[in-house]
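Raw contents of upload.tsv, TSV, C-alpha atoms:
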```tsv
chain	number	residue	atom	x	y	z
A	1	MET	CA	10.64	-18.33	-58.75
A	2	SER	CA	11.14	-15.00	-60.49
A	3	GLU	CA	13.90	-12.44	-60.09
A	4	VAL	CA	13.52	-8.82	-59.07
A	5	ALA	CA	16.54	-6.74	-59.97
A	6	GLY	CA	18.40	-4.82	-57.33
A	7	THR	CA	20.25	-1.57	-57.76
A	8	ALA	CA	23.79	-2.89	-57.41
A	9	GLU	CA	25.76	-4.73	-60.06
A	10	THR	CA	27.24	-7.10	-57.50
A	11	PRO	CA	24.62	-8.10	-54.92
A	12	THR	CA	25.79	-8.64	-51.38
A	13	TYR	CA	22.49	-9.49	-49.72
A	14	ARG	CA	19.65	-11.56	-51.19
A	15	ALA	CA	15.99	-11.23	-50.31
A	16	GLY	CA	13.24	-13.75	-51.00
A	17	TRP	CA	9.76	-12.29	-51.17
A	18	ILE	CA	6.40	-14.06	-51.08
A	19	HIS	CA	4.62	-11.30	-52.97
A	20	TYR	CA	0.98	-12.14	-52.35
A	21	THR	CA	-1.57	-9.34	-52.12
A	22	ASN	CA	-1.44	-9.51	-48.33
A	23	VAL	CA	2.05	-7.92	-48.29
A	24	ALA	CA	1.40	-5.43	-51.09
A	25	PRO	CA	1.46	-2.44	-48.69
A	26	ILE	CA	5.06	-3.36	-47.83
A	27	LEU	CA	6.50	-4.78	-51.03
A	28	ASP	CA	4.75	-2.69	-53.70
A	29	PRO	CA	6.44	0.59	-52.66
A	30	LEU	CA	9.76	-1.03	-51.69
A	31	THR	CA	12.90	0.15	-53.45
A	32	LEU	CA	15.85	-2.11	-52.72
A	33	PRO	CA	18.96	-0.29	-51.52
A	34	PRO	CA	22.32	-0.77	-53.24
A	35	GLY	CA	23.80	-4.20	-52.66
A	36	VAL	CA	20.46	-6.01	-52.32
A	37	THR	CA	18.58	-8.13	-54.86
A	38	ALA	CA	15.38	-10.14	-54.54
A	39	ILE	CA	13.59	-13.14	-55.96
A	40	THR	CA	9.93	-14.02	-55.53
A	41	GLY	CA	8.13	-17.33	-55.04
A	42	VAL	CA	5.41	-19.16	-53.12
A	43	PRO	CA	5.80	-19.77	-49.37
A	44	THR	CA	7.27	-23.27	-49.59
A	45	GLN	CA	9.85	-22.06	-52.14
A	46	MET	CA	10.98	-19.14	-50.00
A	47	ASN	CA	11.03	-21.28	-46.85
A	48	ALA	CA	13.35	-23.73	-48.59
A	49	ALA	CA	15.48	-21.00	-50.18
A	50	LEU	CA	16.16	-19.35	-46.83
A	51	LEU	CA	17.05	-22.61	-45.11
A	52	ALA	CA	19.28	-23.65	-48.02
A	53	GLY	CA	21.16	-20.35	-47.95
A	54	GLU	CA	19.90	-19.33	-51.40
A	55	VAL	CA	18.43	-16.13	-49.92
A	56	ASP	CA	19.46	-14.24	-46.81
A	57	ILE	CA	16.08	-12.90	-45.64
A	58	ALA	CA	12.51	-13.89	-46.48
A	59	ASN	CA	8.97	-13.29	-45.31
A	60	ILE	CA	8.58	-16.95	-44.44
A	61	SER	CA	5.80	-19.00	-42.90
A	62	ALA	CA	5.74	-18.58	-39.14
A	63	VAL	CA	5.75	-22.34	-38.67
A	64	GLU	CA	9.07	-22.64	-40.52
A	65	PHE	CA	10.50	-19.90	-38.33
A	66	ILE	CA	9.32	-21.88	-35.31
A	67	ARG	CA	10.68	-25.20	-36.59
A	68	HIS	CA	14.09	-23.67	-37.23
A	69	ALA	CA	14.24	-21.23	-34.33
A	70	ASP	CA	17.67	-22.59	-33.44
A	71	VAL	CA	19.20	-20.98	-36.54
A	72	LEU	CA	16.69	-18.27	-37.54
A	73	GLN	CA	15.84	-14.90	-36.07
A	74	ALA	CA	13.01	-12.56	-37.06
A	75	LEU	CA	12.80	-8.84	-37.56
A	76	PRO	CA	11.20	-7.42	-34.40
A	77	ASP	CA	8.49	-5.31	-36.03
A	78	PHE	CA	7.32	-7.03	-39.21
A	79	SER	CA	4.52	-9.57	-39.50
A	80	VAL	CA	1.55	-10.75	-41.49
A	81	ALA	CA	-1.01	-11.25	-38.76
A	82	VAL	CA	-4.75	-10.87	-38.19
A	83	LEU	CA	-7.15	-10.71	-35.26
A	84	GLY	CA	-10.10	-12.71	-36.53
A	85	PRO	CA	-10.75	-13.60	-40.17
A	86	VAL	CA	-8.01	-13.44	-42.80
A	87	TYR	CA	-10.17	-14.27	-45.88
A	88	SER	CA	-7.33	-15.94	-47.76
A	89	VAL	CA	-6.59	-19.10	-45.74
A	90	ASN	CA	-9.79	-21.06	-46.20
A	91	LEU	CA	-11.12	-24.56	-45.87
A	92	PHE	CA	-13.87	-25.09	-48.44
A	93	HIS	CA	-16.08	-28.03	-47.44
A	94	THR	CA	-19.35	-29.71	-48.30
A	95	ARG	CA	-19.76	-31.55	-44.98
A	96	PRO	CA	-19.66	-30.23	-41.41
A	97	LEU	CA	-16.14	-30.17	-39.99
A	98	GLU	CA	-16.98	-33.07	-37.69
A	99	ASP	CA	-17.94	-35.24	-40.69
A	100	LEU	CA	-14.94	-34.57	-42.92
A	101	ARG	CA	-13.35	-37.72	-44.35
A	102	ARG	CA	-10.84	-36.52	-47.01
A	103	VAL	CA	-9.26	-33.09	-47.19
A	104	ALA	CA	-7.09	-31.84	-50.06
A	105	LEU	CA	-4.08	-29.80	-48.97
A	106	THR	CA	-2.07	-27.34	-51.01
A	107	ALA	CA	1.68	-27.90	-51.21
A	108	GLN	CA	2.26	-24.14	-51.45
A	109	SER	CA	2.01	-23.39	-47.74
A	110	ALA	CA	3.37	-25.26	-44.73
A	111	MET	CA	1.81	-22.62	-42.47
A	112	SER	CA	-1.80	-23.19	-43.43
A	113	VAL	CA	-1.41	-26.95	-43.22
A	114	ALA	CA	0.10	-26.71	-39.73
A	115	LEU	CA	-2.71	-24.40	-38.60
A	116	LEU	CA	-5.35	-26.75	-39.98
A	117	GLU	CA	-3.71	-29.69	-38.21
A	118	VAL	CA	-3.75	-27.80	-34.90
A	119	LEU	CA	-7.40	-26.80	-35.29
A	120	LEU	CA	-8.48	-30.33	-36.21
A	121	ARG	CA	-6.50	-31.81	-33.32
A	122	GLU	CA	-8.05	-29.36	-30.86
A	123	ARG	CA	-11.49	-30.56	-32.02
A	124	GLY	CA	-10.47	-34.22	-31.80
A	125	LEU	CA	-10.89	-34.68	-35.56
A	126	SER	CA	-8.67	-36.76	-37.83
A	127	PRO	CA	-9.79	-36.78	-41.49
A	128	VAL	CA	-7.40	-38.11	-44.13
A	129	LEU	CA	-5.19	-35.25	-45.37
A	130	GLU	CA	-3.90	-35.56	-48.93
A	131	ARG	CA	-1.82	-33.33	-51.20
A	132	ALA	CA	-3.81	-32.14	-54.19
A	133	GLU	CA	-3.71	-28.91	-56.17
A	134	GLY	CA	-6.47	-27.15	-58.04
A	135	PRO	CA	-9.47	-24.86	-57.55
A	136	ALA	CA	-11.59	-25.74	-54.53
A	137	GLN	CA	-14.76	-26.47	-56.45
A	138	GLU	CA	-12.97	-28.81	-58.87
A	139	LEU	CA	-11.45	-30.80	-56.01
A	140	LEU	CA	-14.76	-30.94	-54.15
A	141	ALA	CA	-16.42	-32.25	-57.31
A	142	ALA	CA	-13.64	-34.86	-57.56
A	143	GLY	CA	-14.66	-36.36	-54.23
A	144	TYR	CA	-12.90	-34.43	-51.48
A	145	ASP	CA	-15.03	-33.29	-48.54
A	146	GLY	CA	-12.73	-30.35	-47.85
A	147	VAL	CA	-10.12	-28.33	-49.74
A	148	LEU	CA	-7.53	-26.03	-48.17
A	149	ARG	CA	-6.71	-22.98	-50.30
A	150	ILE	CA	-4.40	-20.04	-49.56
A	151	GLY	CA	-3.35	-16.66	-50.90
A	152	ASN	CA	-4.83	-14.74	-53.80
A	153	ASN	CA	-6.64	-17.80	-55.18
A	154	ALA	CA	-8.28	-18.47	-51.83
A	155	LEU	CA	-9.46	-14.86	-51.59
A	156	GLN	CA	-10.94	-15.00	-55.10
A	157	GLU	CA	-12.59	-18.37	-54.50
A	158	TRP	CA	-13.95	-17.26	-51.12
A	159	TYR	CA	-15.64	-14.29	-52.72
A	160	GLY	CA	-16.88	-16.50	-55.54
A	161	VAL	CA	-18.75	-18.63	-53.00
A	162	VAL	CA	-19.98	-16.04	-50.48
A	163	GLY	CA	-20.28	-12.92	-52.68
A	164	PRO	CA	-21.27	-10.73	-54.30
A	165	LEU	CA	-21.57	-7.66	-52.12
A	166	THR	CA	-24.71	-5.59	-52.32
A	167	PRO	CA	-25.01	-1.94	-51.20
A	168	GLU	CA	-26.50	-3.20	-47.92
A	169	THR	CA	-23.81	-5.74	-47.03
A	170	THR	CA	-20.28	-5.34	-45.75
A	171	MET	CA	-17.31	-7.66	-45.60
A	172	THR	CA	-18.04	-8.40	-41.94
A	173	THR	CA	-21.59	-9.54	-42.64
A	174	LEU	CA	-20.93	-11.77	-45.63
A	175	PRO	CA	-22.16	-15.32	-45.03
A	176	HIS	CA	-19.81	-18.28	-44.71
A	177	THR	CA	-21.87	-20.44	-47.03
A	178	GLY	CA	-22.90	-20.30	-50.64
A	179	ARG	CA	-23.66	-22.39	-53.68
A	180	GLY	CA	-20.96	-23.70	-55.94
A	181	GLN	CA	-21.06	-25.12	-59.42
A	182	GLY	CA	-24.03	-27.39	-59.94
A	183	GLY	CA	-25.81	-25.94	-56.91
A	184	THR	CA	-23.59	-27.67	-54.33
A	185	ASP	CA	-23.74	-26.12	-50.86
A	186	ILE	CA	-20.25	-25.03	-49.82
A	187	THR	CA	-19.11	-23.76	-46.44
A	188	VAL	CA	-15.98	-21.63	-46.18
A	189	THR	CA	-14.21	-21.91	-42.84
A	190	ASP	CA	-11.66	-19.15	-42.28
A	191	LEU	CA	-8.80	-20.75	-40.35
A	192	ALA	CA	-7.66	-17.51	-38.72
A	193	GLU	CA	-11.18	-16.90	-37.45
A	194	GLU	CA	-11.25	-20.42	-36.03
A	195	TRP	CA	-7.93	-19.71	-34.28
A	196	PHE	CA	-9.40	-16.57	-32.70
A	197	ARG	CA	-12.42	-18.53	-31.49
A	198	LEU	CA	-10.09	-21.12	-29.97
A	199	THR	CA	-7.57	-18.78	-28.31
A	200	GLY	CA	-8.80	-15.18	-28.40
A	201	HIS	CA	-5.40	-14.17	-29.85
A	202	PRO	CA	-4.23	-12.87	-33.21
A	203	PHE	CA	-2.69	-15.34	-35.61
A	204	THR	CA	0.69	-14.56	-37.13
A	205	PHE	CA	1.04	-16.19	-40.53
A	206	ALA	CA	4.47	-14.89	-41.49
A	207	VAL	CA	7.53	-13.11	-40.17
A	208	TRP	CA	10.59	-11.68	-41.88
A	209	ALA	CA	13.36	-14.08	-40.89
A	210	TYR	CA	17.09	-14.44	-41.51
A	211	ARG	CA	19.91	-16.62	-40.27
A	212	LYS	CA	21.19	-15.46	-36.90
A	213	ASP	CA	24.71	-15.20	-38.28
A	214	ASN	CA	23.66	-13.04	-41.25
A	215	PRO	CA	21.31	-10.20	-40.23
A	216	PRO	CA	20.05	-7.79	-42.91
A	217	PRO	CA	21.80	-4.49	-43.60
A	218	ALA	CA	20.34	-1.47	-41.86
A	219	ALA	CA	19.54	0.16	-45.20
A	220	LEU	CA	17.27	-2.70	-46.24
A	221	VAL	CA	15.31	-2.73	-43.00
A	222	GLN	CA	14.90	1.05	-43.09
A	223	ALA	CA	13.72	0.85	-46.70
A	224	MET	CA	11.15	-1.78	-45.67
A	225	ARG	CA	9.87	0.41	-42.84
A	226	GLU	CA	9.56	3.41	-45.14
A	227	ALA	CA	7.80	1.29	-47.78
A	228	ARG	CA	5.32	0.00	-45.18
A	229	ARG	CA	4.56	3.56	-44.09
A	230	GLU	CA	4.03	4.56	-47.73
A	231	GLY	CA	1.84	1.56	-48.54
A	232	ILE	CA	-0.41	1.83	-45.50
A	233	GLY	CA	-0.68	5.58	-46.00
A	234	HIS	CA	-1.95	5.03	-49.55
A	235	LEU	CA	-3.97	1.89	-48.99
A	236	ALA	CA	-6.78	2.88	-51.33
A	237	ARG	CA	-4.33	3.17	-54.21
A	238	VAL	CA	-2.68	-0.16	-53.39
A	239	SER	CA	-6.10	-1.80	-53.03
A	240	ALA	CA	-7.37	-0.45	-56.35
A	241	HIS	CA	-4.35	-1.81	-58.18
A	242	HIS	CA	-4.65	-5.29	-56.70
A	243	ALA	CA	-8.42	-5.37	-57.02
A	244	GLU	CA	-7.94	-4.93	-60.75
A	245	LEU	CA	-5.36	-7.71	-60.84
A	246	LEU	CA	-7.60	-10.07	-58.86
A	247	GLY	CA	-10.88	-9.16	-60.53
A	248	LEU	CA	-12.46	-8.26	-57.19
A	249	PRO	CA	-14.33	-5.16	-55.95
A	250	GLU	CA	-12.02	-2.46	-54.59
A	251	ARG	CA	-13.72	-2.36	-51.22
A	252	VAL	CA	-13.23	-6.11	-50.79
A	253	VAL	CA	-9.48	-5.80	-51.33
A	254	GLN	CA	-9.26	-2.64	-49.22
A	255	HIS	CA	-10.97	-4.38	-46.29
A	256	TYR	CA	-8.73	-7.39	-46.79
A	257	LEU	CA	-5.59	-5.25	-46.55
A	258	TRP	CA	-6.57	-2.95	-43.71
A	259	ASN	CA	-7.42	-6.07	-41.73
A	260	PHE	CA	-3.74	-7.09	-41.47
A	261	ARG	CA	-1.38	-6.38	-38.61
A	262	TYR	CA	2.05	-5.66	-40.06
A	263	HIS	CA	4.08	-4.65	-36.97
A	264	LEU	CA	4.43	-7.84	-34.85
A	265	GLU	CA	3.06	-6.13	-31.77
A	266	ALA	CA	2.75	-7.75	-28.34
A	267	PRO	CA	-0.62	-9.47	-29.05
A	268	ASP	CA	0.77	-10.91	-32.30
A	269	ARG	CA	3.79	-12.32	-30.48
A	270	LEU	CA	1.47	-13.78	-27.85
A	271	GLY	CA	-0.49	-15.63	-30.53
A	272	LEU	CA	2.73	-16.68	-32.25
A	273	HIS	CA	4.13	-18.22	-29.06
A	274	GLU	CA	0.85	-20.02	-28.36
A	275	PHE	CA	0.79	-21.47	-31.85
A	276	ALA	CA	4.44	-22.49	-31.50
A	277	ASP	CA	3.66	-24.43	-28.34
A	278	LYS	CA	0.69	-26.18	-29.95
A	279	ALA	CA	2.27	-26.94	-33.32
A	280	VAL	CA	5.92	-27.60	-32.39
A	281	PRO	CA	6.03	-28.33	-28.65
A	282	ASP	CA	9.79	-28.94	-28.59
A	283	HIS	CA	10.76	-25.79	-30.51
A	284	ALA	CA	13.81	-23.73	-29.62
A	285	PRO	CA	13.20	-20.28	-28.10
A	286	LEU	CA	11.92	-17.75	-30.62
A	287	THR	CA	14.29	-14.81	-30.98
A	288	PHE	CA	13.90	-11.42	-32.60
A	289	GLY	CA	16.32	-8.73	-33.65
A	290	PRO	CA	16.70	-5.49	-31.69
A	291	ARG	CA	13.89	-2.99	-32.00
A	292	PRO	CA	14.48	0.41	-33.61
A	293	GLY	CA	16.42	2.64	-31.26
A	294	GLU	CA	17.84	-0.22	-29.23
A	295	GLU	CA	21.58	-0.74	-29.10
A	296	GLY	CA	22.64	-2.34	-32.36
A	297	GLY	CA	19.16	-1.73	-33.85
A	298	LYS	CA	18.72	-1.65	-37.58
```

Is it possible to give me this structure as structure tokens?
Amino acid sequence: MSEVAGTAETPTYRAGWIHYTNVAPILDPLTLPPGVTAITGVPTQMNAALLAGEVDIANISAVEFIRHADVLQALPDFSVAVLGPVYSVNLFHTRPLEDLRRVALTAQSAMSVALLEVLLRERGLSPVLERAEGPAQELLAAGYDGVLRIGNNALQEWYGVVGPLTPETTMTTLPHTGRGQGGTDITVTDLAEEWFRLTGHPFTFAVWAYRKDNPPPAALVQAMREARREGIGHLARVSAHHAELLGLPERVVQHYLWNFRYHLEAPDRLGLHEFADKAVPDHAPLTFGPRPGEEGGK
């Protein structure tokens, strides 16, 4: 994990950010108010930090919010959700889904693993799931039939298999198959797209959660809302910056970012509750803070 300095000498509230490209429109422009500091890390690190009390708020995996709904609450209008493909939560595989025998799972994300388990269960499939890290093509060459990849690496590897774009193609018409190293045929299954095919609902990957007894200060939430407005309003600039960092075409990253739903609207909550019932049937009720303008709202 890495530290991001706040503006106060003595921090009173600690944030934990998973600063992948998918939240760049919120976190890139964000200036922390006095009394707030932040650290960054991968999803499993921030999930653990929030539950251990090492941070006070984090954009955590939705499944961890669901699993700990008895002690956690979420901001009412922040999410990382999509309706259809997400492009950065991918199962790379060399066999049809029905023929998968061994699948390598990343340890960086509990959310993607839980989603994959739900999708496999709904299809009546039960391949062996094993923890293994590394680029998808290396793990496929090592003998795995499927490899689950998330985040920036998954986006880069997805484009490496299905790209490049030509002037005649768009992100929505890119194929799901391509050739890997050594001419191996690789299929890329987008887990969010599979969820949409199964349910017809958006999939919410992350929420901004905090312990019910320690809600965030109003100044932090307002700063996050203003940063989101700034980032979405200047999406081309944000996309250009991250395209350079990722080594991807600008229009690929711009499509990737404008595809996200950042406001936890009613359809996103609907998909979140459906996933909760499928993944954690005995979960506690999901609760959210007051919306802006409501009594006690932030």

Contacts of range 171-197 of chain A with range 69-84 of chain A up to 8 Å, shortest pair per row, all atoms listed in the file, as a Markdown table:
```
| residue | atom | partner | partner_atom | distance |
| --- | --- | --- | --- | --- |
| A:Ala192 | CA | A:Gly84 | CA | 5.8 |
| A:Glu193 | CA | A:Gly84 | CA | 4.4 |
| A:Glu194 | CA | A:Gly84 | CA | 7.8 |
| A:Trp195 | CA | A:Gly84 | CA | 7.7 |
| A:Phe196 | CA | A:Gly84 | CA | 5.5 |
```

Output C-alpha atoms for every residue in that selection, as a PDB file, in the frame of the given file.
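Wrote result.pdb, looks like this:
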```
ATOM      1  CA  ALA A 192      -7.660 -17.510 -38.720  1.00  0.00           C
ATOM      2  CA  GLU A 193     -11.180 -16.900 -37.450  1.00  0.00           C
ATOM      3  CA  GLU A 194     -11.250 -20.420 -36.030  1.00  0.00           C
ATOM      4  CA  TRP A 195      -7.930 -19.710 -34.280  1.00  0.00           C
ATOM      5  CA  PHE A 196      -9.400 -16.570 -32.700  1.00  0.00           C
TER       6      PHE A 196
END
```

- Message: Report, in Å to a single decimal, how far apart CA of Arg123 in chain A and CA of Lys278 in chain A are.
- Response: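 So the answer is 13.1 Å.
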
- Query: What does the distance from CA of Ala132 in chain A to CA of Val147 in chain A come to in Å, to one decimal?
  - Reply: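 For CA of Ala132 in chain A relative to CA of Val147 in chain A, the distance reads 8.6 Å.
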
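Atom to atom, CA of His273 in chain A and CA of Leu286 in chain A stand 8.0 Å apart.
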
Compile the contact shell of Pro175 in chain A as a PDB file with C-alpha atoms, in the coordinates of the input: residues with an atom at most 10 Å away, counting only C-alpha atoms, same-chain residues fewer than 6 positions apart removed.
```
ATOM      1  CA  VAL A 161     -18.750 -18.630 -53.000  1.00  0.00           C
ATOM      2  CA  VAL A 162     -19.980 -16.040 -50.480  1.00  0.00           C
ATOM      3  CA  GLY A 163     -20.280 -12.920 -52.680  1.00  0.00           C
ATOM      4  CA  THR A 169     -23.810  -5.740 -47.030  1.00  0.00           C
ATOM      5  CA  THR A 187     -19.110 -23.760 -46.440  1.00  0.00           C
ATOM      6  CA  VAL A 188     -15.980 -21.630 -46.180  1.00  0.00           C
TER       7      VAL A 188
END
```

- Message: Given all atoms listed in the file as the basis, pick out the residue of A:Val238, A:Val23, A:Val63, A:Val118 nearest to Phe260 in chain A.
- Response: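 Among the listed residues, A:Val23 lies closest to Phe260 in chain A.
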
- Item | Residue among A:Leu129, A:Leu50, A:Leu116, A:Ala206 lying closest to Val103 in chain A, counting only C-alpha atoms |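 Using only C-alpha atoms, the shortest distance to Val103 in chain A belongs to A:Leu129.
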
- Query: From the set A:Ala114, A:Glu274, A:Trp208, A:His255, which residue has the shortest atom-to-atom contact distance to Phe288 in chain A, counting only C-alpha atoms?
  - Reply: A:Trp208

- Message: Using only C-alpha atoms, which protein or nucleic acid residues come within 12 Å of Tyr159 in chain A? Drop anything in the same chain fewer than 3 positions from it, and give the result as a PyMOL selection string.
- Response: chain A and resi 87-88+90+92+152-156+162-165+171+174-180+187-188+246-249+252-253+256

Only C-alpha atoms, please: the residues just picked out, written as a PDB file, keeping the file's coordinate frame.
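File produced: again.pdb:
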```
ATOM      1  CA  TYR A  87     -10.170 -14.270 -45.880  1.00  0.00           C
ATOM      2  CA  SER A  88      -7.330 -15.940 -47.760  1.00  0.00           C
ATOM      3  CA  ASN A  90      -9.790 -21.060 -46.200  1.00  0.00           C
ATOM      4  CA  PHE A  92     -13.870 -25.090 -48.440  1.00  0.00           C
ATOM      5  CA  ASN A 152      -4.830 -14.740 -53.800  1.00  0.00           C
ATOM      6  CA  ASN A 153      -6.640 -17.800 -55.180  1.00  0.00           C
ATOM      7  CA  ALA A 154      -8.280 -18.470 -51.830  1.00  0.00           C
ATOM      8  CA  LEU A 155      -9.460 -14.860 -51.590  1.00  0.00           C
ATOM      9  CA  GLN A 156     -10.940 -15.000 -55.100  1.00  0.00           C
ATOM     10  CA  VAL A 162     -19.980 -16.040 -50.480  1.00  0.00           C
ATOM     11  CA  GLY A 163     -20.280 -12.920 -52.680  1.00  0.00           C
ATOM     12  CA  PRO A 164     -21.270 -10.730 -54.300  1.00  0.00           C
ATOM     13  CA  LEU A 165     -21.570  -7.660 -52.120  1.00  0.00           C
ATOM     14  CA  MET A 171     -17.310  -7.660 -45.600  1.00  0.00           C
ATOM     15  CA  LEU A 174     -20.930 -11.770 -45.630  1.00  0.00           C
ATOM     16  CA  PRO A 175     -22.160 -15.320 -45.030  1.00  0.00           C
ATOM     17  CA  HIS A 176     -19.810 -18.280 -44.710  1.00  0.00           C
ATOM     18  CA  THR A 177     -21.870 -20.440 -47.030  1.00  0.00           C
ATOM     19  CA  GLY A 178     -22.900 -20.300 -50.640  1.00  0.00           C
ATOM     20  CA  ARG A 179     -23.660 -22.390 -53.680  1.00  0.00           C
ATOM     21  CA  GLY A 180     -20.960 -23.700 -55.940  1.00  0.00           C
ATOM     22  CA  THR A 187     -19.110 -23.760 -46.440  1.00  0.00           C
ATOM     23  CA  VAL A 188     -15.980 -21.630 -46.180  1.00  0.00           C
ATOM     24  CA  LEU A 246      -7.600 -10.070 -58.860  1.00  0.00           C
ATOM     25  CA  GLY A 247     -10.880  -9.160 -60.530  1.00  0.00           C
ATOM     26  CA  LEU A 248     -12.460  -8.260 -57.190  1.00  0.00           C
ATOM     27  CA  PRO A 249     -14.330  -5.160 -55.950  1.00  0.00           C
ATOM     28  CA  VAL A 252     -13.230  -6.110 -50.790  1.00  0.00           C
ATOM     29  CA  VAL A 253      -9.480  -5.800 -51.330  1.00  0.00           C
ATOM     30  CA  TYR A 256      -8.730  -7.390 -46.790  1.00  0.00           C
TER      31      TYR A 256
END
```

- Nearest to Gln222 in chain A among A:His283, A:His241, A:Arg131, A:Arg291, with distances taken over all atoms listed in the file: which residue is it?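 Ranking A:His283, A:His241, A:Arg131, A:Arg291 by distance to Gln222 in chain A, first place goes to A:Arg291.
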
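Comparing the minimum interatomic distances between Val113 in chain A and each of A:Ala279, A:Ala141, A:Leu51, A:Ala209, counting all atoms listed in the file, we find that A:Ala279 sits nearest.
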
As AutoDock Vina command-line options, please: the centre and edge lengths in Å, to one decimal, of an axis-aligned box enclosing every listed atom of range 20-38 of chain A with 4 Å added on each side.
```
--center_x 11.1 --center_y -5.8 --center_z -51.3 --size_x 33.4 --size_y 20.7 --size_z 15.0
```

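Ranking A:Ile26, A:Leu119, A:Met111, A:Ala49 by their shortest atom-to-atom distance to Leu257 in chain A, with all atoms listed in the file included, puts A:Ile26 first.
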
- Find the residues with any atom within 7 Å of (-21.6, -26.0, -46.5); use all atoms listed in the file and the coordinates as given in the file, and write the answer as an MDAnalysis selection string. chainID A and resid 93:96 177 185:187

- Message: Need the shell around Glu98 in chain A: protein/DNA/RNA residues with any atom at most 9 Å away, counting only C-alpha atoms. Skip same-chain ones fewer than 5 positions apart. Format as a PyMOL selection string?
- Response: chain A and resi 123-125+127

- Which residues come within 12 Å of Ala58 in chain A, counting only C-alpha atoms, excluding same-chain residues fewer than 6 positions away, as a PyMOL selection string? chain A and resi 13-19+27+37-52+64-65+72-75+78-79+206-211+215-216
